[in-house]
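Novice: Pasting query.cif here (mmCIF, C-alpha atoms):
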data_structure
loop_
_atom_site.group_PDB
_atom_site.id
_atom_site.type_symbol
_atom_site.label_atom_id
_atom_site.label_comp_id
_atom_site.auth_asym_id
_atom_site.auth_seq_id
_atom_site.Cartn_x
_atom_site.Cartn_y
_atom_site.Cartn_z
ATOM 1 C CA MET Y 198 -28.091 -4.751 13.125
ATOM 2 C CA ALA Y 199 -25.905 -7.808 12.540
ATOM 3 C CA ASP Y 200 -27.735 -11.138 12.580
ATOM 4 C CA TRP Y 201 -25.435 -13.715 14.183
ATOM 5 C CA ARG Y 202 -26.151 -17.436 14.023
ATOM 6 C CA PRO Y 203 -24.170 -20.613 14.790
ATOM 7 C CA VAL Y 204 -21.596 -21.816 12.253
ATOM 8 C CA ARG Y 205 -20.617 -25.353 11.264
ATOM 9 C CA GLN Y 206 -17.756 -26.872 13.222
ATOM 10 C CA SER Y 207 -15.378 -27.957 10.435
ATOM 11 C CA ARG Y 208 -12.524 -25.485 9.689
ATOM 12 C CA THR Y 209 -14.084 -23.293 12.330
ATOM 13 C CA HIS Y 210 -12.060 -20.094 11.997
ATOM 14 C CA GLU Y 211 -12.737 -19.963 8.241
ATOM 15 C CA LEU Y 212 -16.448 -20.325 8.882
ATOM 16 C CA VAL Y 213 -16.288 -17.486 11.408
ATOM 17 C CA LEU Y 214 -14.600 -15.385 8.712
ATOM 18 C CA GLU Y 215 -17.403 -16.248 6.295
ATOM 19 C CA SER Y 216 -19.999 -15.260 8.874
ATOM 20 C CA ILE Y 217 -18.409 -11.853 9.495
ATOM 21 C CA GLU Y 218 -17.971 -11.350 5.755
ATOM 22 C CA GLU Y 219 -21.662 -12.069 5.205
ATOM 23 C CA GLN Y 220 -22.592 -9.344 7.696
ATOM 24 C CA VAL Y 221 -20.319 -6.833 5.920
ATOM 25 C CA LEU Y 222 -21.639 -7.698 2.448
ATOM 26 C CA ALA Y 223 -25.210 -7.469 3.692
ATOM 27 C CA GLY Y 224 -24.514 -3.983 5.028
ATOM 28 C CA LYS Y 225 -25.166 -5.028 8.622
ATOM 29 C CA LEU Y 226 -21.562 -4.272 9.594
ATOM 30 C CA LYS Y 227 -19.947 -1.021 8.476
ATOM 31 C CA ALA Y 228 -16.618 0.709 8.976
ATOM 32 C CA GLY Y 229 -16.449 1.921 12.560
ATOM 33 C CA ASP Y 230 -18.807 -0.737 13.914
ATOM 34 C CA ARG Y 231 -17.612 -2.722 16.894
ATOM 35 C CA LEU Y 232 -18.052 -6.496 17.130
ATOM 36 C CA PRO Y 233 -19.622 -7.986 20.237
ATOM 37 C CA PRO Y 234 -17.146 -9.056 22.959
ATOM 38 C CA GLU Y 235 -15.580 -12.488 22.465
ATOM 39 C CA ARG Y 236 -17.488 -13.912 25.451
ATOM 40 C CA GLU Y 237 -20.768 -12.954 23.745
ATOM 41 C CA LEU Y 238 -19.945 -13.601 20.082
ATOM 42 C CA ALA Y 239 -18.304 -17.034 20.476
ATOM 43 C CA PRO Y 240 -21.394 -18.781 21.974
ATOM 44 C CA VAL Y 241 -23.732 -17.053 19.495
ATOM 45 C CA LEU Y 242 -21.649 -18.448 16.624
ATOM 46 C CA GLY Y 243 -21.323 -21.790 18.411
ATOM 47 C CA VAL Y 244 -17.504 -21.767 18.343
ATOM 48 C CA SER Y 245 -14.688 -21.686 20.858
ATOM 49 C CA ARG Y 246 -13.127 -18.349 21.808
ATOM 50 C CA SER Y 247 -9.771 -19.574 20.452
ATOM 51 C CA ALA Y 248 -11.317 -20.200 17.000
ATOM 52 C CA LEU Y 249 -12.948 -16.775 17.128
ATOM 53 C CA ARG Y 250 -9.626 -15.130 18.036
ATOM 54 C CA GLU Y 251 -7.914 -16.886 15.130
ATOM 55 C CA ALA Y 252 -10.514 -15.546 12.705
ATOM 56 C CA LEU Y 253 -10.196 -12.024 14.142
ATOM 57 C CA ARG Y 254 -6.399 -12.166 13.795
ATOM 58 C CA VAL Y 255 -6.781 -13.034 10.104
ATOM 59 C CA MET Y 256 -9.134 -10.097 9.580
ATOM 60 C CA GLU Y 257 -6.720 -7.797 11.393
ATOM 61 C CA THR Y 258 -3.886 -8.993 9.153
ATOM 62 C CA ILE Y 259 -5.813 -8.188 5.983
ATOM 63 C CA GLY Y 260 -6.654 -4.716 7.251
ATOM 64 C CA VAL Y 261 -10.396 -5.103 7.745
ATOM 65 C CA LEU Y 262 -10.441 -5.133 11.526
ATOM 66 C CA VAL Y 263 -8.441 -3.662 14.411
ATOM 67 C CA ALA Y 264 -8.415 -5.311 17.815
ATOM 68 C CA THR Y 265 -7.602 -3.472 21.037
ATOM 69 C CA ALA Y 266 -6.831 -5.467 24.151
ATOM 70 C CA GLY Y 267 -8.023 -4.594 27.636
ATOM 71 C CA ARG Y 268 -11.222 -3.178 29.037
ATOM 72 C CA GLY Y 269 -13.164 0.007 28.464
ATOM 73 C CA PRO Y 270 -14.939 1.690 25.537
ATOM 74 C CA ASP Y 271 -11.991 1.307 23.157
ATOM 75 C CA ALA Y 272 -11.380 -2.384 23.853
ATOM 76 C CA GLY Y 273 -12.465 -5.155 21.504
ATOM 77 C CA ALA Y 274 -12.568 -5.559 17.715
ATOM 78 C CA ARG Y 275 -13.732 -2.837 15.337
ATOM 79 C CA ILE Y 276 -14.304 -2.852 11.562
ATOM 80 C CA VAL Y 277 -11.986 -0.414 9.741
ATOM 81 C CA ARG Y 278 -11.143 0.664 6.205
ATOM 82 C CA ASP Y 279 -7.343 0.719 5.967
ATOM 83 C CA PRO Y 280 -6.273 -1.578 3.121
ATOM 84 C CA ASP Y 281 -2.990 0.122 2.134
ATOM 85 C CA GLY Y 282 -0.550 -1.565 4.499
ATOM 86 C CA ALA Y 283 -2.195 -4.975 4.419
ATOM 87 C CA LEU Y 284 -2.434 -5.076 0.628
ATOM 88 C CA GLY Y 285 1.182 -3.946 0.316
ATOM 89 C CA ARG Y 286 2.412 -6.721 2.629
ATOM 90 C CA LEU Y 287 0.368 -9.320 0.763
ATOM 91 C CA LEU Y 288 1.618 -8.212 -2.652
ATOM 92 C CA ARG Y 289 5.223 -8.056 -1.423
ATOM 93 C CA LEU Y 290 5.007 -11.684 -0.302
ATOM 94 C CA HIS Y 291 3.534 -12.783 -3.636
ATOM 95 C CA VAL Y 292 6.270 -10.952 -5.555
ATOM 96 C CA ALA Y 293 8.877 -12.665 -3.366
ATOM 97 C CA LEU Y 294 7.208 -16.033 -4.001
ATOM 98 C CA GLY Y 295 7.245 -15.437 -7.750
ATOM 99 C CA SER Y 296 3.471 -15.176 -8.114
ATOM 100 C CA TYR Y 297 4.028 -11.994 -10.122
ATOM 101 C CA SER Y 298 7.119 -11.151 -12.135
ATOM 102 C CA LEU Y 299 9.019 -7.905 -11.584
ATOM 103 C CA GLU Y 300 8.134 -6.985 -15.151
ATOM 104 C CA ASP Y 301 4.419 -7.340 -14.345
ATOM 105 C CA VAL Y 302 4.897 -5.178 -11.257
ATOM 106 C CA MET Y 303 6.753 -2.516 -13.263
ATOM 107 C CA GLU Y 304 4.075 -2.382 -15.955
ATOM 108 C CA SER Y 305 1.427 -2.056 -13.240
ATOM 109 C CA ARG Y 306 3.379 0.815 -11.658
ATOM 110 C CA VAL Y 307 3.650 2.554 -15.012
ATOM 111 C CA THR Y 308 -0.093 2.306 -15.652
ATOM 112 C CA LEU Y 309 -1.107 3.398 -12.158
ATOM 113 C CA GLU Y 310 1.358 6.254 -11.808
ATOM 114 C CA ARG Y 311 0.716 7.662 -15.264
ATOM 115 C CA SER Y 312 -2.920 7.926 -14.221
ATOM 116 C CA SER Y 313 -2.028 9.401 -10.808
ATOM 117 C CA PHE Y 314 0.215 12.143 -12.160
ATOM 118 C CA GLU Y 315 -2.244 13.107 -14.879
ATOM 119 C CA ALA Y 316 -5.099 13.326 -12.369
ATOM 120 C CA ALA Y 317 -3.004 15.200 -9.790
ATOM 121 C CA ALA Y 318 -2.117 17.793 -12.443
ATOM 122 C CA ARG Y 319 -5.851 18.407 -12.944
ATOM 123 C CA SER Y 320 -7.101 18.467 -9.380
ATOM 124 C CA ALA Y 321 -4.378 18.758 -6.713
ATOM 125 C CA SER Y 322 -4.770 21.668 -4.309
ATOM 126 C CA LYS Y 323 -2.018 24.147 -3.392
ATOM 127 C CA LYS Y 324 -1.807 22.586 0.060
ATOM 128 C CA GLU Y 325 -1.394 19.085 -1.364
ATOM 129 C CA LEU Y 326 1.304 20.278 -3.756
ATOM 130 C CA ALA Y 327 3.075 22.066 -0.903
ATOM 131 C CA GLU Y 328 3.101 18.780 1.033
ATOM 132 C CA ALA Y 329 4.675 17.048 -1.993
ATOM 133 C CA ASP Y 330 7.271 19.818 -2.184
ATOM 134 C CA ALA Y 331 8.109 19.344 1.502
ATOM 135 C CA ILE Y 332 8.813 15.658 0.863
ATOM 136 C CA LEU Y 333 11.189 16.543 -1.978
ATOM 137 C CA LYS Y 334 12.994 19.091 0.196
ATOM 138 C CA SER Y 335 13.538 16.378 2.790
ATOM 139 C CA MET Y 336 14.972 14.122 0.061
ATOM 140 C CA ARG Y 337 17.621 16.748 -0.701
ATOM 141 C CA ALA Y 338 18.765 17.036 2.913
ATOM 142 C CA PRO Y 339 22.514 16.434 3.391
ATOM 143 C CA GLY Y 340 23.544 13.283 5.204
ATOM 144 C CA LEU Y 341 20.391 11.395 4.297
ATOM 145 C CA THR Y 342 20.869 7.632 4.435
ATOM 146 C CA VAL Y 343 19.872 5.453 1.507
ATOM 147 C CA ALA Y 344 17.076 3.907 3.590
ATOM 148 C CA GLU Y 345 15.737 7.345 4.553
ATOM 149 C CA PHE Y 346 15.840 8.415 0.904
ATOM 150 C CA ASN Y 347 13.964 5.265 -0.082
ATOM 151 C CA ASP Y 348 11.233 5.917 2.505
ATOM 152 C CA LEU Y 349 10.775 9.498 1.282
ATOM 153 C CA ASP Y 350 10.784 8.332 -2.346
ATOM 154 C CA THR Y 351 7.934 5.956 -1.533
ATOM 155 C CA ARG Y 352 6.087 8.712 0.328
ATOM 156 C CA PHE Y 353 6.336 11.061 -2.649
ATOM 157 C CA HIS Y 354 4.913 8.594 -5.164
ATOM 158 C CA VAL Y 355 2.149 7.449 -2.799
ATOM 159 C CA HIS Y 356 1.298 11.072 -1.952
ATOM 160 C CA ILE Y 357 0.811 11.917 -5.627
ATOM 161 C CA ALA Y 358 -1.475 8.889 -5.939
ATOM 162 C CA ARG Y 359 -3.486 10.032 -2.917
ATOM 163 C CA ILE Y 360 -3.996 13.558 -4.243
ATOM 164 C CA SER Y 361 -5.137 12.201 -7.598
ATOM 165 C CA GLY Y 362 -8.620 11.886 -6.143
ATOM 166 C CA ASN Y 363 -9.034 8.144 -6.789
ATOM 167 C CA GLU Y 364 -8.862 6.119 -3.562
ATOM 168 C CA LEU Y 365 -8.534 2.746 -5.297
ATOM 169 C CA ILE Y 366 -5.664 3.912 -7.504
ATOM 170 C CA SER Y 367 -4.042 5.368 -4.397
ATOM 171 C CA THR Y 368 -4.308 2.049 -2.551
ATOM 172 C CA LEU Y 369 -3.064 0.016 -5.521
ATOM 173 C CA THR Y 370 -0.152 2.401 -6.133
ATOM 174 C CA SER Y 371 0.835 2.187 -2.484
ATOM 175 C CA ALA Y 372 0.661 -1.619 -2.564
ATOM 176 C CA VAL Y 373 2.635 -1.981 -5.796
ATOM 177 C CA ARG Y 374 5.322 0.474 -4.650
ATOM 178 C CA GLU Y 375 5.508 -1.259 -1.267
ATOM 179 C CA SER Y 376 5.892 -4.662 -2.952
ATOM 180 C CA VAL Y 377 9.255 -3.643 -4.453
ATOM 181 C CA ARG Y 378 10.444 -1.249 -1.733
ATOM 182 C CA THR Y 379 13.097 -3.666 -0.419
ATOM 183 C CA LEU Y 380 14.313 -4.526 -3.926
ATOM 184 C CA ILE Y 381 14.654 -0.843 -4.804
ATOM 185 C CA LEU Y 382 16.462 -0.191 -1.528
ATOM 186 C CA ASP Y 383 18.894 -3.055 -2.244
ATOM 187 C CA ALA Y 384 19.582 -1.628 -5.709
ATOM 188 C CA GLU Y 385 20.150 1.853 -4.269
ATOM 189 C CA GLU Y 386 22.519 0.541 -1.609
ATOM 190 C CA ALA Y 387 24.378 -1.473 -4.270
ATOM 191 C CA ALA Y 388 25.173 1.785 -6.065
ATOM 192 C CA GLY Y 389 27.940 2.338 -3.520
ATOM 193 C CA GLU Y 390 30.143 5.301 -4.388
ATOM 194 C CA ASP Y 391 27.841 6.158 -7.290
ATOM 195 C CA TRP Y 392 24.883 6.667 -4.964
ATOM 196 C CA PRO Y 393 25.246 10.467 -4.482
ATOM 197 C CA GLU Y 394 25.064 10.988 -8.251
ATOM 198 C CA THR Y 395 22.151 8.539 -8.539
ATOM 199 C CA ALA Y 396 20.308 10.399 -5.762
ATOM 200 C CA ARG Y 397 20.881 13.740 -7.502
ATOM 201 C CA ALA Y 398 19.485 12.351 -10.756
ATOM 202 C CA LEU Y 399 16.417 10.900 -9.018
ATOM 203 C CA ASN Y 400 15.840 14.163 -7.158
ATOM 204 C CA ALA Y 401 16.070 16.137 -10.396
ATOM 205 C CA GLU Y 402 13.389 13.926 -11.957
ATOM 206 C CA HIS Y 403 11.152 14.227 -8.886
ATOM 207 C CA THR Y 404 11.515 18.006 -8.943
ATOM 208 C CA GLU Y 405 10.575 18.174 -12.617
ATOM 209 C CA LEU Y 406 7.639 15.832 -12.053
ATOM 210 C CA LEU Y 407 6.236 18.109 -9.380
ATOM 211 C CA ARG Y 408 6.839 21.201 -11.535
ATOM 212 C CA LEU Y 409 4.817 19.638 -14.356
ATOM 213 C CA VAL Y 410 2.003 18.650 -12.002
ATOM 214 C CA ARG Y 411 1.910 22.158 -10.521
ATOM 215 C CA ALA Y 412 1.809 23.625 -14.029
ATOM 216 C CA GLY Y 413 -1.121 21.395 -14.947
ATOM 217 C CA LYS Y 414 0.876 19.535 -17.596
ATOM 218 C CA GLY Y 415 -0.482 16.084 -16.823
ATOM 219 C CA ALA Y 416 0.416 14.367 -20.104
ATOM 220 C CA ARG Y 417 4.049 15.441 -19.841
ATOM 221 C CA ALA Y 418 4.167 14.431 -16.188
ATOM 222 C CA ALA Y 419 2.765 11.003 -17.133
ATOM 223 C CA ASP Y 420 5.450 10.536 -19.797
ATOM 224 C CA LEU Y 421 8.202 11.558 -17.387
ATOM 225 C CA VAL Y 422 7.038 9.314 -14.559
ATOM 226 C CA GLU Y 423 6.990 6.374 -16.976
ATOM 227 C CA LYS Y 424 10.576 7.163 -17.977
ATOM 228 C CA HIS Y 425 11.454 7.583 -14.290
ATOM 229 C CA ILE Y 426 9.994 4.190 -13.338
ATOM 230 C CA ARG Y 427 11.444 2.323 -16.297
ATOM 231 C CA GLY Y 428 14.844 3.858 -15.631
ATOM 232 C CA PHE Y 429 15.430 2.595 -12.109
ATOM 233 C CA HIS Y 430 12.777 -0.087 -11.705
ATOM 234 C CA GLY Y 431 13.687 -1.346 -15.172
ATOM 235 C CA THR Y 432 17.188 -2.247 -13.964
ATOM 236 C CA LEU Y 433 15.593 -4.610 -11.431
ATOM 237 C CA VAL Y 434 13.631 -6.285 -14.248
ATOM 238 C CA ASP Y 435 16.788 -6.673 -16.346
ATOM 239 C CA GLU Y 436 18.702 -8.174 -13.410
ATOM 240 C CA ASP Y 437 15.825 -10.544 -12.637
ATOM 241 C CA SER Y 438 15.670 -11.702 -16.279
ATOM 242 C CA ALA Y 439 19.431 -12.253 -16.352
ATOM 243 C CA ALA Y 440 19.300 -14.242 -13.117
ATOM 244 C CA HIS Y 441 16.694 -16.533 -14.662
ATOM 245 C CA GLY Y 442 18.551 -16.858 -17.955
ATOM 246 C CA GLU Y 443 15.916 -15.043 -19.984
#
Could you spell out this file's structure in structure tokens?

Specialist:
Amino acid sequence: MADWRPVRQSRTHELVLESIEEQVLAGKLKAGDRLPPERELAPVLGVSRSALREALRVMETIGVLVATAGRGPDAGARIVRDPDGALGRLLRLHVALGSYSLEDVMESRVTLERSSFEAAARSASKKELAEADAILKSMRAPGLTVAEFNDLDTRFHVHIARISGNELISTLTSAVRESVRTLILDAEEAAGEDWPETARALNAEHTELLRLVRAGKGARAADLVEKHIRGFHGTLVDEDSAAHGE
């Protein structure tokens, strides 16, 4: 049972965040738990409802909480565990701000995806591999736009991370891939008339990657995914270095 008590008044919404965080770290709030209604929680914490709402919005943004408006059993704020989207948005902003270089992002992708493909080759089920195959079939569909191809490309790589059996690696892979999604899309669209050939080459590599995973050849799949990432993602790093005179 969560133990709520009044918070100090300075920087109120941050103090509300600290209070909720304390309850989570103490194990008094768990995924699936619902917070008390605003009208009850605000006076217990000794803060205004507007300050409480601000704190809840921050928690919703970082993927720890979901808030449902209205009345009834599903209304209110509930603790969740869904870090993928929130972490991806946060990392994308930091990449755009220059907090992390594209080279750092690429090296992180290489490390994470080598691990994912090796693990998937050891433990992926037939159903999970069939789902990966369905994504690749969609990527070969005629008339696919570059944006649609990019979305499916992201889905394939994230799916392999998810079936690797390591939830943290899956989340990090999703976030890192999401952080450069727009940059990769821009590079694909810039291919212009060369795009159909580029798409065929990428599809051929994806197909071989899945074949190696299905055959249990994790080390070879890891080597190929590194080559795959450095091939296309590496061009973004080279362009970024050139733009900065490096």

Novice: List every residue of stretch 287-381 of chain Y that has an atom at most 9 Å from any atom of stretch 392-405 of chain Y, giving for each one its closest atom pair and the distance in Å to one decimal, counting only C-alpha atoms, sorted by chain and then by ascending residue number, as a tab-separated table.

Specialist:
residue	atom	partner	partner_atom	distance
Y:Asp330	CA	Y:Thr404	CA	8.2
Y:Leu333	CA	Y:Thr404	CA	7.1
Y:Met336	CA	Y:Asn400	CA	7.3
Y:Arg337	CA	Y:Asn400	CA	7.2
Y:Val343	CA	Y:Trp392	CA	8.3
Y:Phe346	CA	Y:Ala396	CA	8.3
Y:Asp350	CA	Y:His403	CA	8.8
Y:Phe353	CA	Y:His403	CA	8.5

Novice: How would you write, as a PyMOL selection string, the residues chosen by the PyMOL selection byres ((chain Y and resi 363-374) around 9) on this structure?

Specialist: chain Y and resi 280-289+302-303+305-306+309-310+312-313+316+351-352+354-362+375-378

Novice: Let me make sure I understand: among Y:Thr432, Y:Thr342, Y:Thr265, Y:Asn347, which one has the smallest atom-to-atom distance to Y:Leu253 if we use all atoms listed in the file?

Specialist: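 When distances to Y:Leu253 are compared using all atoms listed in the file, the smallest one comes from Y:Thr265.
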
Novice: Which polymer residues, protein or nucleic acid, are no farther than 9 Å from (-20.2, -13.0, 10.2), counting only C-alpha atoms, as a PyMOL selection string?

Specialist: chain Y and resi 199-202+212-221+226+242

Novice: Measure the distance from atom CA of Y:Pro234 to atom CA of Y:Ala264 in Å and round it to one decimal.

Specialist: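 Taking atom CA of Y:Pro234 and atom CA of Y:Ala264, their separation equals 10.8 Å.
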
Novice: In Å to one decimal, how far is atom CA of Y:Ala223 from atom CA of Y:Arg246?

Specialist: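 Taking atom CA of Y:Arg246 as the start and atom CA of Y:Ala223 as the end point, the length is 24.3 Å.
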
Novice: Anything within 10 Å of (2.6, 22.5, -10.7): list those residues as a PyMOL selection string, counting all atoms listed in the file and sticking to the file's coordinates.

Specialist: chain Y and resi 317-319+321-323+326-327+405-415+418

Novice: Calculate how many Å separate atom CA of Y:Asp230 from atom CA of Y:Glu251, rounding to one decimal.

Specialist: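 A separation of 19.5 Å between them.
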
Novice: Please, what is the axis-aligned box for every listed atom of stretch 208-212 of chain Y with 6 Å on each side, as centre and edge lengths in Å to one decimal, as JSON?

Specialist:
{"center_x": -14.3, "center_y": -22.7, "center_z": 10.3, "size_x": 16.4, "size_y": 17.5, "size_z": 16.1}
